[in-house]
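What's in structure37.cif: mmCIF, C-alpha atoms
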data_protein
#
loop_
_atom_site.label_atom_id
_atom_site.label_comp_id
_atom_site.auth_asym_id
_atom_site.auth_seq_id
_atom_site.Cartn_x
_atom_site.Cartn_y
_atom_site.Cartn_z
CA GLY A 14 8.33 -35.59 6.77
CA LEU A 15 4.65 -36.15 7.52
CA GLY A 16 2.71 -36.03 10.74
CA GLY A 17 -0.41 -34.64 12.35
CA LEU A 18 -2.70 -34.55 15.31
CA ILE A 19 -6.26 -35.56 16.11
CA GLY A 20 -8.15 -34.18 19.09
CA LEU A 21 -11.42 -35.52 20.50
CA ASN A 22 -13.27 -33.18 22.86
CA ARG A 23 -10.50 -30.62 22.41
CA THR A 24 -10.38 -27.00 21.28
CA MET A 25 -7.48 -24.85 20.09
CA MET A 26 -6.48 -21.64 21.87
CA LEU A 27 -5.41 -19.47 18.94
CA GLU A 28 -4.11 -16.57 21.02
CA GLU A 29 -1.95 -18.98 23.03
CA LEU A 30 -0.66 -20.44 19.75
CA ALA A 31 0.23 -16.93 18.56
CA GLU A 32 2.20 -16.34 21.76
CA GLY A 33 3.83 -19.74 21.24
CA VAL A 34 5.01 -18.58 17.83
CA ARG A 35 6.84 -15.70 19.52
CA THR A 36 8.40 -17.83 22.27
CA GLY A 37 9.13 -20.85 20.08
CA SER A 38 7.11 -23.27 22.21
CA VAL A 39 4.83 -23.99 19.25
CA GLU A 40 7.70 -26.04 17.80
CA ASN A 41 7.10 -28.60 20.57
CA ILE A 42 3.88 -29.68 18.86
CA MET A 43 5.26 -29.62 15.30
CA PHE A 44 7.86 -32.33 14.69
CA PRO A 45 9.29 -32.15 18.25
CA HIS A 46 12.89 -33.22 18.89
CA ASP A 47 13.69 -36.05 21.31
CA VAL A 48 10.09 -36.75 22.30
CA VAL A 49 10.99 -39.01 25.23
CA ALA A 50 13.33 -36.53 26.92
CA ASN A 51 11.02 -33.55 26.26
CA ALA A 52 7.76 -35.34 27.01
CA PRO A 53 6.81 -33.25 30.11
CA GLN A 54 7.18 -29.96 28.21
CA ILE A 55 5.41 -31.30 25.11
CA ILE A 56 2.45 -32.53 27.18
CA SER A 57 2.29 -29.21 29.04
CA ASP A 58 2.24 -27.25 25.76
CA MET A 59 -0.41 -29.56 24.30
CA LYS A 60 -2.68 -28.89 27.29
CA ARG A 61 -2.11 -25.13 26.99
CA PHE A 62 -2.70 -24.94 23.24
CA PHE A 63 -5.45 -27.60 23.01
CA PRO A 64 -7.40 -27.77 26.30
CA PRO A 65 -10.41 -30.08 26.77
CA LEU A 66 -13.82 -28.90 25.51
CA GLU A 67 -16.77 -31.24 25.25
CA GLY A 68 -18.23 -31.72 21.78
CA HIS A 69 -15.31 -30.25 19.78
CA PHE A 70 -13.15 -32.18 17.30
CA MET A 71 -9.79 -31.26 15.76
CA ILE A 72 -7.73 -32.64 12.94
CA GLY A 73 -4.34 -31.27 11.86
CA PRO A 74 -2.18 -32.72 9.09
CA MET A 75 1.45 -31.53 9.18
CA ALA A 76 4.29 -31.70 6.67
CA LYS A 77 8.00 -30.93 6.65
CA LEU A 78 9.33 -29.95 3.22
CA GLY A 79 12.69 -28.99 1.75
CA TRP A 80 13.81 -27.65 -1.62
CA GLY A 81 17.23 -27.85 -3.25
CA THR A 82 20.37 -29.94 -2.84
CA PRO A 83 21.75 -28.90 -0.44
CA THR A 84 18.52 -27.65 1.12
CA LEU A 85 18.07 -23.92 0.44
CA VAL A 86 14.51 -23.50 1.67
CA SER A 87 12.75 -25.66 4.23
CA SER A 88 9.33 -25.40 5.83
CA SER A 89 7.39 -27.10 8.60
CA LEU A 90 3.69 -26.48 8.03
CA GLY A 91 0.55 -27.55 9.82
CA VAL A 92 -3.15 -26.95 9.11
CA ILE A 93 -5.55 -27.45 12.01
CA VAL A 94 -9.34 -27.50 11.64
CA GLU A 95 -11.69 -27.33 14.62
CA VAL A 96 -15.33 -28.41 14.33
CA PRO A 97 -17.46 -26.76 15.51
CA PRO A 98 -17.30 -23.84 14.73
CA GLY A 99 -15.11 -24.47 11.66
CA ASN A 100 -12.07 -22.42 12.65
CA ILE A 101 -8.94 -23.03 10.57
CA ALA A 102 -5.36 -22.31 11.64
CA ILE A 103 -2.15 -22.52 9.61
CA LEU A 104 1.13 -22.47 11.52
CA GLY A 105 4.71 -23.28 10.76
CA VAL A 106 8.34 -22.34 10.39
CA LEU A 107 10.01 -21.22 7.17
CA LYS A 108 13.80 -21.22 6.79
CA CYS A 109 15.94 -19.96 3.91
CA VAL A 110 19.75 -20.34 3.82
CA LEU A 111 21.89 -19.04 0.95
CA PRO A 112 24.13 -20.29 -0.55
CA ASP A 113 24.36 -23.25 1.91
CA GLU A 114 24.55 -24.13 5.61
CA ASP A 115 28.36 -24.26 5.71
CA ALA A 116 28.92 -20.81 4.17
CA ALA A 117 25.64 -18.99 4.80
CA LEU A 118 25.55 -15.36 3.71
CA LEU A 119 21.80 -15.05 4.20
CA VAL A 120 19.76 -16.79 6.92
CA LEU A 121 16.05 -16.02 7.19
CA GLN A 122 13.92 -17.91 9.70
CA VAL A 123 10.27 -17.06 10.25
CA LYS A 124 7.71 -18.57 12.62
CA PHE A 125 4.11 -17.83 11.64
CA ILE A 126 0.47 -18.50 12.36
CA GLY A 127 -2.66 -17.52 10.47
CA ALA A 128 -6.27 -18.20 11.36
CA LEU A 129 -9.80 -17.91 10.03
CA GLU A 130 -12.11 -17.64 13.04
CA VAL A 131 -15.64 -18.16 11.79
CA SER A 132 -17.05 -17.77 15.30
CA LYS A 133 -15.48 -14.30 15.71
CA SER A 134 -15.77 -13.12 12.07
CA ARG A 135 -12.09 -12.39 11.61
CA LEU A 136 -9.02 -13.40 9.64
CA TRP A 137 -5.52 -12.75 10.96
CA PHE A 138 -1.84 -13.55 10.50
CA PHE A 139 1.22 -13.16 12.74
CA ALA A 140 4.89 -13.81 11.91
CA SER A 141 8.12 -13.48 13.87
CA LEU A 142 11.73 -13.46 12.63
CA PHE A 143 14.28 -15.37 14.71
CA GLY A 144 17.95 -16.31 14.33
CA SER A 145 18.17 -14.38 11.06
CA ARG A 146 21.07 -12.46 9.57
CA VAL A 147 22.50 -10.96 6.41
CA LEU A 148 26.29 -11.45 6.41
CA PHE A 149 27.26 -10.40 9.96
CA MET A 150 24.17 -8.20 10.54
CA THR A 151 21.42 -9.77 12.64
CA ILE A 152 17.80 -8.93 11.83
CA GLY A 153 14.58 -9.39 13.77
CA GLY A 154 11.05 -8.16 14.08
CA GLU A 155 7.41 -9.17 13.80
CA MET A 156 4.35 -8.41 11.71
CA GLY A 157 0.63 -8.80 12.19
CA LEU A 158 -2.48 -8.53 10.02
CA LEU A 159 -6.09 -8.41 11.24
CA ILE A 160 -9.22 -8.26 9.08
CA ALA A 161 -12.48 -8.35 11.03
CA TRP A 162 -16.03 -7.99 9.80
CA GLY A 163 -19.49 -8.06 11.31
CA ASP A 164 -20.29 -6.09 14.47
CA ASN A 165 -16.60 -5.58 15.33
CA ALA A 166 -15.31 -4.68 11.86
CA ASN A 167 -11.69 -3.55 11.84
CA PHE A 168 -8.48 -3.63 9.84
CA LEU A 169 -4.83 -3.29 10.73
CA LEU A 170 -1.48 -4.19 9.23
CA SER A 171 1.64 -3.68 11.29
CA VAL A 172 5.26 -4.40 10.47
CA GLY A 173 7.25 -3.68 13.60
CA GLY A 174 4.54 -2.31 15.90
CA PHE A 175 2.73 0.99 16.33
CA HIS A 176 3.25 4.67 17.11
CA PRO A 177 3.89 5.21 20.87
CA LYS A 178 0.71 7.33 21.20
CA PHE A 179 -1.54 4.88 19.35
CA THR A 180 -3.62 2.33 21.22
CA PRO A 181 -4.40 -0.58 18.89
CA PRO A 182 -7.72 -2.42 19.08
CA PRO A 183 -7.83 -5.83 20.78
CA MET A 184 -5.72 -8.24 18.71
CA PRO A 185 -5.56 -12.05 18.75
CA PHE A 186 -1.75 -11.89 18.58
CA PRO A 187 0.97 -10.04 20.55
CA SER A 188 1.76 -6.44 19.59
CA PRO A 189 4.52 -6.83 16.97
CA GLN A 190 8.07 -6.03 18.06
CA ARG A 191 10.14 -3.48 16.13
CA VAL A 192 11.91 -4.54 12.95
CA SER A 193 15.60 -4.29 13.81
CA ILE A 194 19.02 -4.60 12.21
CA SER A 195 22.14 -4.90 14.35
CA ILE A 196 24.83 -3.58 12.03
CA LEU A 197 27.55 -3.93 14.66
CA ASN A 198 27.32 -5.68 18.01
CA GLU A 199 30.66 -5.84 19.80
CA SER A 200 31.69 -5.06 23.36
CA PHE A 201 33.37 -1.83 22.20
CA ALA A 202 30.94 -0.78 19.44
CA ARG A 203 27.24 -1.16 18.71
CA ILE A 204 25.09 0.19 15.89
CA ARG A 205 21.42 -0.73 15.82
CA VAL A 206 18.51 0.43 13.66
CA GLU A 207 14.84 -0.14 14.48
CA GLY A 208 11.70 0.82 12.58
CA TYR A 209 8.00 0.20 12.10
CA PHE A 210 5.17 0.84 9.65
CA ALA A 211 1.47 0.38 10.30
CA VAL A 212 -1.83 1.03 8.55
CA THR A 213 -5.21 0.74 10.28
CA SER A 214 -8.74 1.56 9.20
CA ASN A 215 -8.24 5.18 10.30
CA THR A 216 -4.48 5.79 10.59
CA ALA A 217 -1.09 5.53 8.90
CA GLN A 218 2.02 5.51 11.10
CA PHE A 219 5.73 4.94 10.81
CA GLY A 220 8.98 5.64 12.62
CA ALA A 221 12.61 4.68 13.08
CA VAL A 222 15.47 5.03 15.53
CA VAL A 223 19.24 4.68 15.22
CA GLU A 224 21.39 3.98 18.28
CA LEU A 225 25.16 3.81 18.40
CA PHE A 226 27.86 3.26 20.99
CA PHE A 227 31.63 3.35 20.75
CA GLY A 228 33.84 3.07 23.75
CA VAL A 229 36.37 1.38 25.98
CA SER A 230 36.58 1.25 29.76
CA ALA A 231 37.86 4.83 30.10
CA PHE A 232 36.03 6.61 27.28
CA SER A 233 32.72 6.19 25.47
CA VAL A 234 30.42 7.97 23.03
CA GLU A 235 26.69 7.26 22.76
CA GLY A 236 24.24 8.63 20.21
CA HIS A 237 20.55 8.43 19.41
CA LEU A 238 18.38 9.69 16.53
CA GLY A 239 14.72 8.88 16.07
CA PHE A 240 11.34 10.01 14.82
CA ASP A 241 7.69 8.90 14.97
CA ALA A 242 4.79 9.96 12.74
CA LEU A 243 1.07 9.31 13.14
CA PHE A 244 -1.63 10.43 10.69
CA GLN A 245 -5.31 10.01 11.56
CA PHE A 246 -7.80 10.37 8.72
CA SER A 247 -11.09 11.24 10.47
CA PRO A 248 -11.17 13.52 12.33
CA PHE A 249 -7.93 14.58 10.66
CA TYR A 250 -5.00 14.76 13.04
CA PHE A 251 -1.27 14.19 12.89
CA ASN A 252 1.58 13.95 15.37
CA ILE A 253 5.23 14.05 14.34
CA SER A 254 7.99 13.87 16.92
CA PHE A 255 11.75 13.58 16.77
CA SER A 256 14.61 13.29 19.21
CA ALA A 257 18.38 13.27 19.05
CA SER A 258 21.14 13.03 21.62
CA MET A 259 24.87 12.53 21.98
CA SER A 260 26.92 12.06 25.13
CA VAL A 261 30.58 11.61 25.98
CA LYS A 262 31.66 9.87 29.16
CA VAL A 263 35.10 9.52 30.77
CA PHE A 264 35.56 6.78 33.38
CA GLY A 265 31.75 6.47 33.54
CA ALA A 266 31.18 10.15 34.39
CA GLY A 267 29.38 12.49 31.99
CA LEU A 268 31.76 14.91 30.30
CA PHE A 269 29.55 16.41 27.61
CA SER A 270 26.07 15.82 26.22
CA VAL A 271 23.58 17.49 23.91
CA ARG A 272 19.91 16.59 23.53
CA ILE A 273 17.00 17.89 21.49
CA ARG A 274 13.37 16.83 21.38
CA GLY A 275 10.46 18.24 19.37
CA GLU A 276 6.83 17.50 18.60
CA LEU A 277 4.40 19.00 16.08
CA GLU A 278 0.69 18.16 16.01
CA GLY A 279 -2.39 19.62 14.41
CA THR A 280 -4.13 20.92 12.53
CA SER A 281 -7.10 22.12 14.57
CA PRO A 282 -5.36 23.79 16.35
CA TRP A 283 -1.63 23.54 15.65
CA HIS A 284 0.75 22.86 18.52
CA VAL A 285 4.52 22.64 18.72
CA GLU A 286 6.67 21.96 21.74
CA GLY A 287 10.10 20.65 22.55
CA GLU A 288 13.28 21.11 24.51
CA GLY A 289 16.98 21.44 23.86
CA SER A 290 19.73 20.98 26.43
CA ILE A 291 23.51 21.06 26.67
CA SER A 292 25.54 19.67 29.55
CA LEU A 293 29.25 20.19 30.20
CA LEU A 294 30.56 18.59 33.37
CA PHE A 295 28.36 20.17 36.11
CA TRP A 296 26.96 22.93 33.90
CA ASP A 297 23.52 22.46 32.30
CA ILE A 298 21.44 24.63 29.99
CA ASP A 299 17.82 23.66 29.19
CA VAL A 300 15.71 25.60 26.68
CA PRO A 301 12.06 24.43 26.53
CA PHE A 302 9.56 25.85 24.03
CA SER A 303 5.82 25.47 23.44
CA HIS A 304 3.35 27.31 21.21
CA THR A 305 -0.26 26.79 20.07
CA TRP A 306 -2.04 28.64 17.28
CA GLY A 307 -5.07 28.32 15.01
CA ASP A 308 -8.73 27.59 15.70
CA SER A 309 -10.54 24.36 16.32
CA ALA A 310 -12.38 22.97 13.31
CA ASP A 311 -14.53 19.98 12.46
CA THR A 312 -12.34 17.67 10.33
CA VAL A 313 -14.55 14.58 10.41
CA LEU A 314 -14.89 13.07 6.95
CA PRO A 315 -18.39 12.19 5.70
CA SER A 316 -19.14 8.47 5.64
CA THR A 317 -19.08 6.79 2.24
CA PRO A 318 -20.83 3.47 1.47
CA ALA A 319 -18.32 0.78 0.50
CA LEU A 320 -20.79 -0.61 -2.07
CA MET A 321 -22.59 1.85 -4.32
#
Structure re-expressed in C-alpha coordinates:
Amino acid sequence: GLGGLIGLNRTMMLEELAEGVRTGSVENIMFPHDVVANAPQIISDMKRFFPPLEGHFMIGPMAKLGWGTPTLVSSSLGVIVEVPPGNIAILGVLKCVLPDEDAALLVLQVKFIGALEVSKSRLWFFASLFGSRVLFMTIGGEMGLLIAWGDNANFLLSVGGFHPKFTPPPMPFPSPQRVSISILNESFARIRVEGYFAVTSNTAQFGAVVELFFGVSAFSVEGHLGFDALFQFSPFYFNISFSASMSVKVFGAGLFSVRIRGELEGTSPWHVEGEGSISLLFWDIDVPFSHTWGDSADTVLPSTPALM
(Lines of atoms letter the chains of each structure in order from A and count residues from 1; the text may use other names and numbers.)
(Lines give C-alpha, C1' and ligand atoms only; values in the text may rest on other atoms or scores of the structure.)
Protein backbone atom coordinates (compact mmCIF):
# COMPACT_ATOMS: atom_id res chain seq x y z
CA GLY A 1 0.00 0.00 0.00
CA LEU A 2 1.11 3.56 -0.74
CA GLY A 3 -0.06 6.88 0.59
CA GLY A 4 1.14 10.15 2.04
CA LEU A 5 0.32 13.63 3.16
CA ILE A 6 1.11 17.16 2.07
CA GLY A 7 0.71 20.14 4.39
CA LEU A 8 0.76 23.80 3.36
CA ASN A 9 1.25 26.29 6.20
CA ARG A 10 1.41 23.39 8.64
CA THR A 11 3.94 22.20 11.22
CA MET A 12 4.34 18.86 12.97
CA MET A 13 4.20 18.53 16.75
CA LEU A 14 6.75 15.80 17.37
CA GLU A 15 6.09 15.42 21.09
CA GLU A 16 2.38 15.01 20.38
CA LEU A 17 3.25 12.38 17.75
CA ALA A 18 5.37 10.53 20.32
CA GLU A 19 2.43 10.49 22.73
CA GLY A 20 0.24 9.31 19.85
CA VAL A 21 2.57 6.37 19.38
CA ARG A 22 1.89 5.34 22.99
CA THR A 23 -1.89 5.78 22.78
CA GLY A 24 -2.26 4.40 19.24
CA SER A 25 -3.90 7.55 17.87
CA VAL A 26 -1.03 8.00 15.41
CA GLU A 27 -2.53 5.09 13.45
CA ASN A 28 -5.42 7.41 12.51
CA ILE A 29 -3.11 9.34 10.20
CA MET A 30 -1.33 6.29 8.75
CA PHE A 31 -3.61 4.16 6.58
CA PRO A 32 -6.73 4.81 8.72
CA HIS A 33 -9.57 2.28 8.73
CA ASP A 34 -13.08 3.28 7.64
CA VAL A 35 -12.26 6.91 6.90
CA VAL A 36 -15.88 8.01 6.56
CA ALA A 37 -17.03 6.60 9.90
CA ASN A 38 -13.89 7.79 11.74
CA ALA A 39 -13.61 11.16 10.01
CA PRO A 40 -14.21 13.32 13.15
CA GLN A 41 -11.45 11.56 15.10
CA ILE A 42 -9.05 11.58 12.13
CA ILE A 43 -9.57 15.32 11.58
CA SER A 44 -9.11 16.00 15.30
CA ASP A 45 -5.83 14.05 15.36
CA MET A 46 -4.60 15.80 12.22
CA LYS A 47 -5.17 19.19 13.86
CA ARG A 48 -3.37 18.05 17.03
CA PHE A 49 -0.37 16.54 15.26
CA PHE A 50 -0.11 19.07 12.40
CA PRO A 51 -1.46 22.47 13.52
CA PRO A 52 -1.39 25.55 11.26
CA LEU A 53 1.84 27.58 11.07
CA GLU A 54 2.38 30.23 8.42
CA GLY A 55 5.30 29.68 6.07
CA HIS A 56 5.91 25.98 6.85
CA PHE A 57 5.54 23.12 4.37
CA MET A 58 5.33 19.36 4.98
CA ILE A 59 5.53 16.33 2.77
CA GLY A 60 5.20 12.73 4.00
CA PRO A 61 5.28 9.65 1.78
CA MET A 62 3.94 6.50 3.47
CA ALA A 63 4.12 2.81 2.58
CA LYS A 64 2.60 -0.41 3.87
CA LEU A 65 4.77 -3.47 3.26
CA GLY A 66 4.53 -7.19 3.94
CA TRP A 67 6.96 -10.09 3.63
CA GLY A 68 6.21 -13.79 3.25
CA THR A 69 3.26 -15.93 2.20
CA PRO A 70 1.40 -15.96 4.51
CA THR A 71 2.62 -12.59 5.78
CA LEU A 72 5.19 -13.07 8.57
CA VAL A 73 6.40 -9.49 8.91
CA SER A 74 4.45 -6.37 8.01
CA SER A 75 5.24 -2.70 8.43
CA SER A 76 3.47 0.62 7.99
CA LEU A 77 6.10 3.33 7.61
CA GLY A 78 5.95 7.06 7.02
CA VAL A 79 8.66 9.70 6.55
CA ILE A 80 7.64 13.32 7.13
CA VAL A 81 9.84 16.30 6.26
CA GLU A 82 9.07 19.83 7.45
CA VAL A 83 10.62 22.86 5.75
CA PRO A 84 11.73 25.05 7.38
CA PRO A 85 13.65 24.11 9.52
CA GLY A 86 14.33 20.74 7.86
CA ASN A 87 13.09 18.44 10.62
CA ILE A 88 12.61 14.79 9.62
CA ALA A 89 10.37 12.27 11.38
CA ILE A 90 10.01 8.54 10.76
CA LEU A 91 7.01 6.79 12.30
CA GLY A 92 5.28 3.50 11.86
CA VAL A 93 4.12 0.13 13.10
CA LEU A 94 6.05 -3.12 12.78
CA LYS A 95 4.34 -6.49 13.24
CA CYS A 96 5.87 -9.98 13.28
CA VAL A 97 3.77 -13.16 13.56
CA LEU A 98 5.29 -16.66 13.65
CA PRO A 99 4.56 -19.16 12.23
CA ASP A 100 1.25 -17.66 10.94
CA GLU A 101 -1.86 -15.73 12.03
CA ASP A 102 -3.97 -18.85 12.62
CA ALA A 103 -1.46 -20.60 14.91
CA ALA A 104 0.71 -17.76 16.21
CA LEU A 105 3.33 -18.76 18.77
CA LEU A 106 5.09 -15.39 18.63
CA VAL A 107 3.39 -12.01 18.12
CA LEU A 108 5.51 -8.86 18.27
CA GLN A 109 3.93 -5.49 17.51
CA VAL A 110 5.86 -2.26 17.88
CA LYS A 111 4.79 1.34 17.31
CA PHE A 112 7.71 3.74 16.84
CA ILE A 113 8.76 7.27 15.99
CA GLY A 114 12.18 8.75 15.37
CA ALA A 115 13.09 12.33 14.60
CA LEU A 116 15.99 14.55 13.59
CA GLU A 117 15.24 18.04 14.89
CA VAL A 118 17.67 20.41 13.23
CA SER A 119 16.17 23.40 15.04
CA LYS A 120 16.81 21.83 18.48
CA SER A 121 20.08 19.99 17.65
CA ARG A 122 18.85 16.57 18.69
CA LEU A 123 18.11 13.09 17.39
CA TRP A 124 15.71 10.76 19.19
CA PHE A 125 13.72 7.55 18.91
CA PHE A 126 10.78 6.12 20.88
CA ALA A 127 9.13 2.69 20.55
CA SER A 128 6.26 0.98 22.34
CA LEU A 129 5.26 -2.70 22.37
CA PHE A 130 1.54 -3.49 22.20
CA GLY A 131 -0.57 -6.63 21.84
CA SER A 132 2.55 -8.81 21.93
CA ARG A 133 3.05 -12.28 23.35
CA VAL A 134 5.24 -15.36 23.33
CA LEU A 135 3.03 -18.46 23.56
CA PHE A 136 0.60 -17.54 26.36
CA MET A 137 2.89 -14.93 28.00
CA THR A 138 2.07 -11.31 27.21
CA ILE A 139 4.94 -8.82 26.91
CA GLY A 140 5.03 -5.04 26.90
CA GLY A 141 7.26 -2.08 27.50
CA GLU A 142 8.83 0.96 25.87
CA MET A 143 12.25 2.31 24.98
CA GLY A 144 13.65 5.73 24.24
CA LEU A 145 16.90 7.16 22.86
CA LEU A 146 17.99 10.80 22.94
CA ILE A 147 21.18 12.27 21.48
CA ALA A 148 21.48 16.04 21.79
CA TRP A 149 24.35 18.32 20.88
CA GLY A 150 25.06 22.02 20.98
CA ASP A 151 24.27 24.10 24.06
CA ASN A 152 22.01 21.40 25.55
CA ALA A 153 24.20 18.36 24.86
CA ASN A 154 22.90 15.17 26.43
CA PHE A 155 22.59 11.43 25.93
CA LEU A 156 20.25 8.80 27.29
CA LEU A 157 19.11 5.32 26.37
CA SER A 158 16.31 3.73 28.35
CA VAL A 159 14.65 0.35 27.95
CA GLY A 160 11.81 0.26 30.44
CA GLY A 161 12.30 3.56 32.27
CA PHE A 162 14.59 4.86 34.99
CA HIS A 163 15.63 4.35 38.61
CA PRO A 164 12.96 5.73 41.02
CA LYS A 165 15.43 8.28 42.44
CA PHE A 166 16.66 9.51 39.06
CA THR A 167 15.16 12.59 37.44
CA PRO A 168 15.73 12.40 33.67
CA PRO A 169 16.39 15.53 31.62
CA PRO A 170 13.57 16.97 29.51
CA MET A 171 12.70 14.43 26.81
CA PRO A 172 10.68 14.83 23.60
CA PHE A 173 8.91 11.52 24.31
CA PRO A 174 7.06 10.05 27.32
CA SER A 175 9.11 8.39 30.06
CA PRO A 176 9.31 4.74 28.93
CA GLN A 177 7.11 2.24 30.75
CA ARG A 178 8.65 -0.85 32.34
CA VAL A 179 9.41 -3.88 30.19
CA SER A 180 7.02 -6.55 31.46
CA ILE A 181 6.21 -10.22 31.01
CA SER A 182 2.96 -11.66 32.33
CA ILE A 183 3.83 -15.32 32.79
CA LEU A 184 0.43 -16.15 34.24
CA ASN A 185 -2.65 -13.96 34.34
CA GLU A 186 -5.71 -15.79 35.66
CA SER A 187 -8.32 -14.86 38.25
CA PHE A 188 -6.76 -17.32 40.72
CA ALA A 189 -3.07 -16.89 39.86
CA ARG A 190 -0.84 -14.12 38.54
CA ILE A 191 2.91 -14.00 37.95
CA ARG A 192 4.40 -10.83 36.49
CA VAL A 193 7.99 -9.70 35.93
CA GLU A 194 9.04 -6.11 35.21
CA GLY A 195 12.46 -4.62 34.56
CA TYR A 196 14.40 -1.69 33.15
CA PHE A 197 17.89 -0.70 32.02
CA ALA A 198 19.13 2.80 31.30
CA VAL A 199 22.37 4.56 30.43
CA THR A 200 22.77 8.34 30.45
CA SER A 201 25.77 10.62 30.02
CA ASN A 202 26.56 10.29 33.74
CA THR A 203 24.71 7.22 35.05
CA ALA A 204 24.00 3.52 34.59
CA GLN A 205 20.85 2.08 36.18
CA PHE A 206 18.85 -1.11 36.19
CA GLY A 207 16.26 -2.96 38.23
CA ALA A 208 13.57 -5.64 38.26
CA VAL A 209 10.57 -6.77 40.25
CA VAL A 210 8.65 -10.05 40.45
CA GLU A 211 5.07 -10.14 41.72
CA LEU A 212 2.95 -13.21 42.28
CA PHE A 213 -0.52 -14.03 43.54
CA PHE A 214 -2.26 -17.33 44.15
CA GLY A 215 -5.63 -17.56 45.76
CA VAL A 216 -9.33 -18.26 45.83
CA SER A 217 -12.13 -16.42 47.61
CA ALA A 218 -11.24 -17.79 51.06
CA PHE A 219 -7.45 -17.99 50.89
CA SER A 220 -4.68 -16.12 49.07
CA VAL A 221 -0.91 -15.73 49.01
CA GLU A 222 0.86 -12.65 47.62
CA GLY A 223 4.58 -12.13 47.12
CA HIS A 224 6.95 -9.44 45.92
CA LEU A 225 10.70 -9.31 45.23
CA GLY A 226 12.51 -6.38 43.67
CA PHE A 227 15.70 -4.36 43.45
CA ASP A 228 16.92 -1.07 41.95
CA ALA A 229 20.50 0.04 41.26
CA LEU A 230 21.83 3.45 40.26
CA PHE A 231 25.49 4.26 39.55
CA GLN A 232 26.58 7.86 38.99
CA PHE A 233 30.03 8.40 37.48
CA SER A 234 30.95 11.96 38.51
CA PRO A 235 30.85 12.70 41.36
CA PHE A 236 30.86 8.97 42.01
CA TYR A 237 27.77 7.75 43.83
CA PHE A 238 25.66 4.62 43.91
CA ASN A 239 22.35 3.58 45.41
CA ILE A 240 21.21 -0.04 45.62
CA SER A 241 17.91 -0.96 47.21
CA PHE A 242 15.92 -4.15 47.53
CA SER A 243 12.59 -5.21 48.97
CA ALA A 244 10.74 -8.46 49.52
CA SER A 245 7.41 -9.37 51.04
CA MET A 246 4.98 -12.24 51.43
CA SER A 247 1.50 -12.23 52.93
CA VAL A 248 -1.22 -14.78 53.60
CA LYS A 249 -4.85 -13.77 53.84
CA VAL A 250 -7.92 -15.75 54.92
CA PHE A 251 -11.34 -14.39 53.93
CA GLY A 252 -9.63 -11.07 53.09
CA ALA A 253 -8.09 -10.64 56.55
CA GLY A 254 -4.32 -10.72 57.07
CA LEU A 255 -3.17 -13.92 58.73
CA PHE A 256 0.59 -13.70 58.32
CA SER A 257 3.06 -11.44 56.53
CA VAL A 258 6.79 -10.80 56.40
CA ARG A 259 8.51 -7.81 54.81
CA ILE A 260 12.08 -6.62 54.43
CA ARG A 261 13.51 -3.50 52.84
CA GLY A 262 17.12 -2.31 52.57
CA GLU A 263 19.16 0.42 50.92
CA LEU A 264 22.92 0.92 50.56
CA GLU A 265 24.47 4.10 49.17
CA GLY A 266 27.90 5.64 49.10
CA THR A 267 30.76 5.93 48.99
CA SER A 268 31.48 9.33 50.51
CA PRO A 269 30.19 8.59 53.10
CA TRP A 270 28.61 5.13 53.19
CA HIS A 271 25.05 4.75 54.43
CA VAL A 272 22.85 1.72 54.98
CA GLU A 273 19.30 1.61 56.25
CA GLY A 274 16.30 -0.66 56.12
CA GLU A 275 13.53 -2.34 58.01
CA GLY A 276 12.23 -5.82 58.62
CA SER A 277 8.79 -6.71 59.96
CA ILE A 278 6.70 -9.76 60.79
CA SER A 279 2.96 -9.75 61.36
CA LEU A 280 0.85 -12.59 62.76
CA LEU A 281 -2.83 -11.79 63.17
CA PHE A 282 -2.80 -8.70 65.48
CA TRP A 283 0.84 -9.07 66.52
CA ASP A 284 3.50 -6.98 64.74
CA ILE A 285 7.27 -6.75 65.11
CA ASP A 286 9.20 -4.00 63.26
CA VAL A 287 13.01 -3.82 63.33
CA PRO A 288 14.42 -0.70 61.63
CA PHE A 289 18.16 -0.11 61.19
CA SER A 290 20.32 2.76 59.94
CA HIS A 291 24.07 3.40 59.99
CA THR A 292 26.46 5.89 58.37
CA TRP A 293 30.25 5.66 58.28
CA GLY A 294 33.23 7.03 56.38
CA ASP A 295 34.29 10.56 55.46
CA SER A 296 33.17 12.84 52.69
CA ALA A 297 35.53 12.97 49.71
CA ASP A 298 35.73 14.73 46.36
CA THR A 299 34.92 12.07 43.73
CA VAL A 300 34.46 14.38 40.74
CA LEU A 301 36.28 13.03 37.70
CA PRO A 302 38.51 15.42 35.73
CA SER A 303 37.08 16.52 32.40
CA THR A 304 38.58 14.89 29.30
CA PRO A 305 38.35 16.39 25.79
CA ALA A 306 36.38 14.14 23.44
CA LEU A 307 38.74 15.03 20.58
CA MET A 308 42.46 15.02 21.27
- Message: Nearest residue to Ser188 of chain A out of A:Glu235, A:Glu29, A:Glu207, A:Glu155, using only C-alpha atoms?
- Response: A:Glu155
- Could you check which of A:Val131, A:Ala257, A:Ile42, A:Ala217 is closest to Gly163 of chain A, using all atoms listed in the file?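 For Gly163 of chain A, the nearest of the given residues is A:Val131.
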Selection result of the PyMOL selection byres ((chain A and resi 176-186) around 6) on this file, as a short mmCIF file (atom, residue, chain, number, x, y, z; two decimals) with C-alpha atoms, in the frame of the given file:
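What follows is the written file result_26.cif:
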data_model
loop_
_atom_site.label_atom_id
_atom_site.label_comp_id
_atom_site.auth_asym_id
_atom_site.auth_seq_id
_atom_site.Cartn_x
_atom_site.Cartn_y
_atom_site.Cartn_z
CA GLU A 28 -4.11 -16.57 21.02
CA ALA A 31 0.23 -16.93 18.56
CA PHE A 175 2.73 0.99 16.33
CA PRO A 187 0.97 -10.04 20.55
#
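As for atom CA of Pro301 of chain A and atom CA of Ala242 of chain A, they are spaced 21.3 Å apart.
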Take every atom of segment 63-82 of chain A listed in the file, fit an axis-aligned box around them, add 4 Å per side, and give the centre and edge lengths in Å to one decimal as lines of an AutoDock Vina configuration file.
center_x = 1.1
center_y = -30.2
center_z = 11.8
size_x = 46.6
size_y = 13.1
size_z = 38.0
- Query: How many Å lie between atom CA of Tyr209 of chain A and atom CA of Arg191 of chain A, rounded to one decimal?
  - Reply: 5.9 Å
